[in-house]
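Colleague: So that we are looking at the same thing, I have put the structure below in structure tokens.
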Amino acid sequence: PYFVFTPLLHEVAVGELSPDSVLESIEKIFCSRKIKLIKDRAISIDPVKKTVSMVNGNISYDYLVVSSGSETHYYGVPGARENSLTLKDLDDAVRIKNRLKDTVRTCAIIGAGATGVELAAEIADYRKKCGDEKAIEISLVAASSDVLPQFPVELRTIAHVHLLKKNIKVMTNETVIEARPNKIIFSDRSFLEAETIIWVAGVKPSPMEIPGAEKEKSGRIKTDEFLKICGVKGAQIYSLGDISGTAPMLAQVAVQQGKIVAKNIIASISNKPLTPFIFKEKGLLVSLGKWYATGRINGVVLKGPFMWWLWRTIYLFNFHSWRKRAKIAWEWTLKL
């Protein structure tokens with residue numbers, strides 16, 4: 001019944017924000033619009049009959065938009081799912097928060113993308129706040145040659161240096177081949193012991209089978225330039241977000257795609273030309289703990305307290321409700 005603002009889950013995981021702060025009620029978002037909200041689970045899609053089968057019945061459609069998102073990718077590593085925590089939804093963040101409250105002395109974070117880097121930096125600040133009696137040794141493990149492999153080299157360097165300043169052990173070019181209770185095994189058979197293992201090494205598209213639909217090598221649904229799925233002609237099915245295409249799996253991509261899909265559905269109804277989707281990067285931002293962030297905006301790379309303030313401001317104004325914005329701002333103020 002709610003939307004989870006995942007970019008701030010790492011702050012919930014260390015207690016900077018309360019769990020309900022990152023939730024937006026879907027009913028409240030749509031209460032003033034002529035939108036019928038159905039809480040159910042889609043099982044299958046029939047493009048010929050134009051129906052969606054759900055647990056509690058079927059629904060017919062004229063236009064369909066598939067945006068079922070992504071889930072944690074364990075890459076088939078034995079024991080990874082069973083022996084690690086992850087950070088994909090609210091329950092994950094609460095589990096990490098509860099674990100950090102225990103006397104955890106060692107923590108290994110597998111995956112050095114934006115989620116892993118931001119979480120490592122926040123846990124380092126949490127460690128400092130708790131004092132020496134509850135110090136946590138943090139290891140950040142990357143299969144790539146550097147942290148933030150999808151980011152420009154300038155941002156990678158800034159992030160790497162700052163993580164080291166926070167006494168985080170950054171381990172690059174390390175491929176995990178097995179996860180055991182309190183231990184991870186690398187491809188060279190060396191190992192790392194950790195009381196808490198957090199797996200944030202990547203995501204994969206959530207399963208959503210559409211008869212006839214073509215797929216990319218990554219498993220994402222293949223779409224044309226107008227974001228219509230390929231392989232099912234005349235079915236009026238669009239797809240956007242992490243489940244589809246080849247664009248980066250970023251929130252700003254999905255937001256831009258959502259606007260184009262809405263525009264194209266209206267154009268189809270009105271028999272007007274469709275608009276192709278062209279991703280326009282609005283900037284890249286990554287938090288590196290309290291009072292420090294880095295990012296690139298309009299080609300300019302910046303870092304420091306100003307970028308941290310900008311990072312928080314941008315995320316704050318992505319929330320729909322003014323009450324929610326005020327609540328988050330108040331919580332942040334109390335934790336300064």
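Letters A, B, ... mark the chains of the structure tokens in the order given; residue numbers begin at 1 per chain; ligand numbers begin at 1, in order shown.
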Find the residues around region 206-219 of chain A up to 7 Å (only C-alpha atoms counted), leave out those fewer than 4 positions away in its own chain, and share them as a PyMOL selection string.
Modeller: chain A and resi 44-45+68-71+229-232+243
Colleague: Which of region 122-170 of chain A end up as helix (DSSP H, G or I) when DSSP is run on this backbone - answer as an MDAnalysis selection string?
Modeller: chainID A and resid 122:130 132:134 153:165
Colleague: Emit the selected residues as a compact mmCIF listing (two decimals), in the first residue's frame, including N, CA and C atoms.
Modeller:
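Final output, saved to out_28.txt:
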```txt
# COMPACT_ATOMS: atom_id res chain seq x y z
N GLU A 122 27.83 5.60 5.92
CA GLU A 122 26.90 5.83 7.02
C GLU A 122 27.23 4.95 8.22
N ILE A 123 27.60 3.69 7.97
CA ILE A 123 27.97 2.81 9.09
C ILE A 123 29.23 3.31 9.77
N ALA A 124 30.15 3.88 8.99
CA ALA A 124 31.37 4.45 9.58
C ALA A 124 31.02 5.60 10.51
N ASP A 125 30.07 6.44 10.11
CA ASP A 125 29.63 7.54 10.97
C ASP A 125 28.92 7.00 12.21
N TYR A 126 28.15 5.94 12.02
CA TYR A 126 27.45 5.29 13.14
C TYR A 126 28.48 4.76 14.14
N ARG A 127 29.56 4.16 13.63
CA ARG A 127 30.63 3.65 14.47
C ARG A 127 31.25 4.77 15.30
N LYS A 128 31.50 5.90 14.65
CA LYS A 128 32.11 7.04 15.34
C LYS A 128 31.19 7.57 16.42
N LYS A 129 29.89 7.60 16.11
CA LYS A 129 28.92 8.12 17.07
C LYS A 129 28.82 7.21 18.30
N CYS A 130 28.98 5.90 18.08
CA CYS A 130 28.86 4.94 19.18
C CYS A 130 30.08 4.95 20.10
N ASP A 132 34.39 4.11 20.92
CA ASP A 132 35.31 2.98 20.82
C ASP A 132 34.73 1.68 21.36
N GLU A 133 33.81 1.79 22.36
CA GLU A 133 33.30 0.57 22.97
C GLU A 133 32.43 -0.23 22.00
N LYS A 134 32.06 0.37 20.89
CA LYS A 134 31.23 -0.35 19.93
C LYS A 134 31.76 -0.11 18.52
N VAL A 153 35.46 8.84 -13.54
CA VAL A 153 36.67 8.55 -12.77
C VAL A 153 36.90 9.58 -11.67
N GLU A 154 36.55 10.85 -11.92
CA GLU A 154 36.76 11.88 -10.89
C GLU A 154 35.96 11.57 -9.63
N LEU A 155 34.70 11.14 -9.80
CA LEU A 155 33.86 10.83 -8.65
C LEU A 155 34.35 9.57 -7.95
N ARG A 156 34.83 8.61 -8.72
CA ARG A 156 35.35 7.38 -8.13
C ARG A 156 36.54 7.68 -7.22
N THR A 157 37.43 8.54 -7.71
CA THR A 157 38.63 8.88 -6.94
C THR A 157 38.27 9.60 -5.65
N ILE A 158 37.38 10.58 -5.75
CA ILE A 158 36.94 11.33 -4.56
C ILE A 158 36.34 10.39 -3.53
N ALA A 159 35.46 9.50 -3.99
CA ALA A 159 34.79 8.58 -3.08
C ALA A 159 35.79 7.63 -2.43
N HIS A 160 36.69 7.09 -3.23
CA HIS A 160 37.67 6.13 -2.71
C HIS A 160 38.53 6.76 -1.61
N VAL A 161 39.04 7.94 -1.88
CA VAL A 161 39.89 8.63 -0.91
C VAL A 161 39.12 8.92 0.38
N HIS A 162 37.86 9.35 0.24
CA HIS A 162 37.09 9.70 1.43
C HIS A 162 36.75 8.46 2.26
N LEU A 163 36.47 7.35 1.60
CA LEU A 163 36.19 6.11 2.34
C LEU A 163 37.41 5.68 3.14
N LEU A 164 38.59 5.81 2.56
CA LEU A 164 39.82 5.46 3.27
C LEU A 164 40.02 6.36 4.48
N LYS A 165 39.67 7.65 4.34
CA LYS A 165 39.78 8.58 5.47
C LYS A 165 38.87 8.17 6.62
```
Colleague: Residues of region 80-194 of chain A that have any atom at most 12 Å from an atom of region 248-254 of chain A: could you tabulate them with the shortest-distance atom pair and the distance in Å to one decimal, using only C-alpha atoms, ordered by chain and increasing number, as a tab-separated table?
Modeller:
```
residue	atom	partner	partner_atom	distance
A:Gly113	CA	A:Met249	CA	11.8
A:Ala114	CA	A:Leu250	CA	10.5
A:Thr115	CA	A:Leu250	CA	11.6
A:Gln150	CA	A:Pro248	CA	9.1
A:Phe151	CA	A:Pro248	CA	11.2
```
Colleague: Within 9 Å of Ile26 (chain A), counting only C-alpha atoms, which residues qualify if same-chain residues fewer than 6 places away don't, as a list in words?
Modeller: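 Near Ile26 (chain A), the qualifying residues are Pro1, Tyr2, Phe3 and Leu37 of chain A.
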Colleague: Those residues with all heavy atoms, as a PDB file, in the first residue's frame please?
Modeller:
```pdb
ATOM      1  N   PRO A   1       0.801  -1.228   0.000  1.00  0.00           N
ATOM      2  CA  PRO A   1       0.000   0.000   0.000  1.00  0.00           C
ATOM      3  C   PRO A   1       0.831   1.275   0.000  1.00  0.00           C
ATOM      4  O   PRO A   1       0.301   2.365   0.091  1.00  0.00           O
ATOM      5  CB  PRO A   1      -0.807  -0.116   1.291  1.00  0.00           C
ATOM      6  CG  PRO A   1       0.092  -0.881   2.199  1.00  0.00           C
ATOM      7  CD  PRO A   1       0.803  -1.872   1.308  1.00  0.00           C
ATOM      8  N   TYR A   2       2.144   1.130  -0.082  1.00  0.00           N
ATOM      9  CA  TYR A   2       2.989   2.321  -0.022  1.00  0.00           C
ATOM     10  C   TYR A   2       4.141   2.228  -1.016  1.00  0.00           C
ATOM     11  O   TYR A   2       4.505   1.164  -1.493  1.00  0.00           O
ATOM     12  CB  TYR A   2       3.547   2.535   1.386  1.00  0.00           C
ATOM     13  CG  TYR A   2       4.202   1.315   1.992  1.00  0.00           C
ATOM     14  CD1 TYR A   2       5.470   0.905   1.594  1.00  0.00           C
ATOM     15  CD2 TYR A   2       3.556   0.575   2.974  1.00  0.00           C
ATOM     16  CE1 TYR A   2       6.075  -0.198   2.133  1.00  0.00           C
ATOM     17  CE2 TYR A   2       4.157  -0.552   3.529  1.00  0.00           C
ATOM     18  CZ  TYR A   2       5.408  -0.934   3.103  1.00  0.00           C
ATOM     19  OH  TYR A   2       6.009  -2.045   3.632  1.00  0.00           O
ATOM     20  N   PHE A   3       4.688   3.392  -1.332  1.00  0.00           N
ATOM     21  CA  PHE A   3       5.879   3.512  -2.170  1.00  0.00           C
ATOM     22  C   PHE A   3       7.084   3.713  -1.255  1.00  0.00           C
ATOM     23  O   PHE A   3       7.034   4.520  -0.326  1.00  0.00           O
ATOM     24  CB  PHE A   3       5.728   4.715  -3.119  1.00  0.00           C
ATOM     25  CG  PHE A   3       6.982   5.057  -3.876  1.00  0.00           C
ATOM     26  CD1 PHE A   3       7.347   4.353  -5.003  1.00  0.00           C
ATOM     27  CD2 PHE A   3       7.800   6.102  -3.452  1.00  0.00           C
ATOM     28  CE1 PHE A   3       8.508   4.671  -5.704  1.00  0.00           C
ATOM     29  CE2 PHE A   3       8.958   6.428  -4.141  1.00  0.00           C
ATOM     30  CZ  PHE A   3       9.306   5.710  -5.266  1.00  0.00           C
ATOM     31  N   LEU A  37      -6.972   2.181  -7.538  1.00  0.00           N
ATOM     32  CA  LEU A  37      -5.808   1.458  -7.040  1.00  0.00           C
ATOM     33  C   LEU A  37      -6.208   0.030  -6.688  1.00  0.00           C
ATOM     34  O   LEU A  37      -7.123  -0.190  -5.890  1.00  0.00           O
ATOM     35  CB  LEU A  37      -5.225   2.157  -5.816  1.00  0.00           C
ATOM     36  CG  LEU A  37      -4.048   1.463  -5.121  1.00  0.00           C
ATOM     37  CD1 LEU A  37      -2.854   1.371  -6.061  1.00  0.00           C
ATOM     38  CD2 LEU A  37      -3.678   2.194  -3.841  1.00  0.00           C
TER      39      LEU A  37
END
```
Colleague: Find the residues near Arg220 (chain A): any atom within 8 Å, counting only C-alpha atoms, skip ones fewer than 5 places away on the same chain, and give them as an mmCIF file with N, CA, C and O atoms, in the first residue's frame.
Modeller:
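Below is the file part-v9.cif, written as the result:
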```cif
data_model
loop_
_atom_site.group_PDB
_atom_site.id
_atom_site.type_symbol
_atom_site.label_atom_id
_atom_site.label_comp_id
_atom_site.auth_asym_id
_atom_site.auth_seq_id
_atom_site.Cartn_x
_atom_site.Cartn_y
_atom_site.Cartn_z
ATOM 1 N N PRO A 205 16.321 -7.674 -13.163
ATOM 2 C CA PRO A 205 14.895 -7.385 -13.359
ATOM 3 C C PRO A 205 14.006 -8.400 -12.667
ATOM 4 O O PRO A 205 14.291 -9.602 -12.676
ATOM 5 N N LYS A 215 13.635 -10.044 -25.207
ATOM 6 C CA LYS A 215 14.402 -9.641 -24.036
ATOM 7 C C LYS A 215 15.833 -9.288 -24.409
ATOM 8 O O LYS A 215 16.384 -9.793 -25.379
ATOM 9 N N ASP A 242 13.617 -0.362 -14.230
ATOM 10 C CA ASP A 242 14.644 -1.398 -14.149
ATOM 11 C C ASP A 242 14.296 -2.669 -14.914
ATOM 12 O O ASP A 242 15.178 -3.435 -15.287
ATOM 13 N N ILE A 243 13.003 -2.908 -15.145
ATOM 14 C CA ILE A 243 12.575 -4.141 -15.795
ATOM 15 C C ILE A 243 12.866 -4.135 -17.293
ATOM 16 O O ILE A 243 12.891 -5.186 -17.938
ATOM 17 N N SER A 244 13.125 -2.957 -17.871
ATOM 18 C CA SER A 244 13.156 -2.899 -19.334
ATOM 19 C C SER A 244 14.339 -2.116 -19.898
ATOM 20 O O SER A 244 14.974 -1.317 -19.207
ATOM 21 N N GLY A 245 14.590 -2.357 -21.205
ATOM 22 C CA GLY A 245 15.540 -1.551 -21.963
ATOM 23 C C GLY A 245 16.994 -1.735 -21.588
ATOM 24 O O GLY A 245 17.387 -2.701 -20.937
ATOM 25 N N THR A 246 17.790 -0.773 -22.008
ATOM 26 C CA THR A 246 19.236 -0.803 -21.752
ATOM 27 C C THR A 246 19.737 0.434 -21.020
ATOM 28 O O THR A 246 20.928 0.563 -20.760
#
```
Colleague: Please identify all polymer residues within 8 Å of Lys228 (chain A), counting only C-alpha atoms, omitting same-chain residues fewer than 4 positions from it, and present them as a list in words.
Modeller: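 Counting only C-alpha atoms, the residues come to Thr223, Asp224, Gln236, Ile237, Tyr238 and Ser239 of chain A.
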Colleague: Go ahead and save the picked residues with C-alpha atoms, as a PDB file, in the first residue's frame.
Modeller:
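Saved the output as result-v1.pdb:
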```pdb
ATOM      1  CA  THR A 223      11.620  -1.921 -25.944  1.00  0.00           C
ATOM      2  CA  ASP A 224      11.611   0.285 -29.034  1.00  0.00           C
ATOM      3  CA  GLN A 236      -0.190  -1.423 -26.744  1.00  0.00           C
ATOM      4  CA  ILE A 237       2.151  -2.584 -23.986  1.00  0.00           C
ATOM      5  CA  TYR A 238       4.801  -0.211 -22.686  1.00  0.00           C
ATOM      6  CA  SER A 239       7.584  -0.943 -20.237  1.00  0.00           C
TER       7      SER A 239
END
```
Colleague: Excluding Val301 (chain A) and any residue of its chain fewer than 2 positions from it, enumerate the residues within 10 Å of it, using only C-alpha atoms, and give them as a list in words.
Modeller: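 Answer for this query is Pro152, Glu154, Leu155, Ile158, Gly283, Leu284, Leu285, Thr294, Gly295, Arg296, Ile297, Asn298, Gly299, Lys303 and Met307 of chain A.
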Colleague: Let's have the selection written as a PDB file, in the first residue's frame, with C-alpha atoms.
Modeller:
```pdb
ATOM      1  CA  PRO A 152      33.074   9.064 -13.892  1.00  0.00           C
ATOM      2  CA  GLU A 154      36.762  11.882 -10.893  1.00  0.00           C
ATOM      3  CA  LEU A 155      33.860  10.827  -8.653  1.00  0.00           C
ATOM      4  CA  ILE A 158      36.940  11.331  -4.565  1.00  0.00           C
ATOM      5  CA  GLY A 283      23.443  14.838 -12.651  1.00  0.00           C
ATOM      6  CA  LEU A 284      25.062  12.196 -10.474  1.00  0.00           C
ATOM      7  CA  LEU A 285      25.188  12.417  -6.700  1.00  0.00           C
ATOM      8  CA  THR A 294      30.263  14.347  -4.307  1.00  0.00           C
ATOM      9  CA  GLY A 295      28.576  14.620  -7.667  1.00  0.00           C
ATOM     10  CA  ARG A 296      28.576  15.879 -11.217  1.00  0.00           C
ATOM     11  CA  ILE A 297      26.049  18.463 -12.352  1.00  0.00           C
ATOM     12  CA  ASN A 298      26.124  19.926 -15.864  1.00  0.00           C
ATOM     13  CA  GLY A 299      29.562  18.410 -16.351  1.00  0.00           C
ATOM     14  CA  LYS A 303      32.434  17.713  -3.423  1.00  0.00           C
ATOM     15  CA  MET A 307      27.098  18.800  -2.253  1.00  0.00           C
TER      16      MET A 307
END
```
Colleague: May I have the residues within 7 Å of Ile138 (chain A) as a list in words, using only C-alpha atoms and disregarding those fewer than 4 positions away in the same chain?
Modeller: Thr106, Cys107, Ala108, Ile168 and Lys169 of chain A
Colleague: Using Å and a single decimal, report how far CA of Phe186 (chain A) sits from CA of Ala143 (chain A).
Modeller: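 Computing it gives 9.9 Å between the two atoms.
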Colleague: Which one is closest to Asn98 (chain A): A:Pro149, A:Gly15, A:Gly258, A:Gly79? Count only C-alpha atoms.
Modeller: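 So, comparing all the options, the nearest one is A:Gly15.
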Colleague: With distances taken over only C-alpha atoms, which residue among A:Val55, A:Cys31, A:Ile265, A:Ala179 lies nearest Asn83 (chain A)?
Modeller: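 Comparing A:Val55, A:Cys31, A:Ile265, A:Ala179 against Asn83 (chain A), the winner is A:Ala179.
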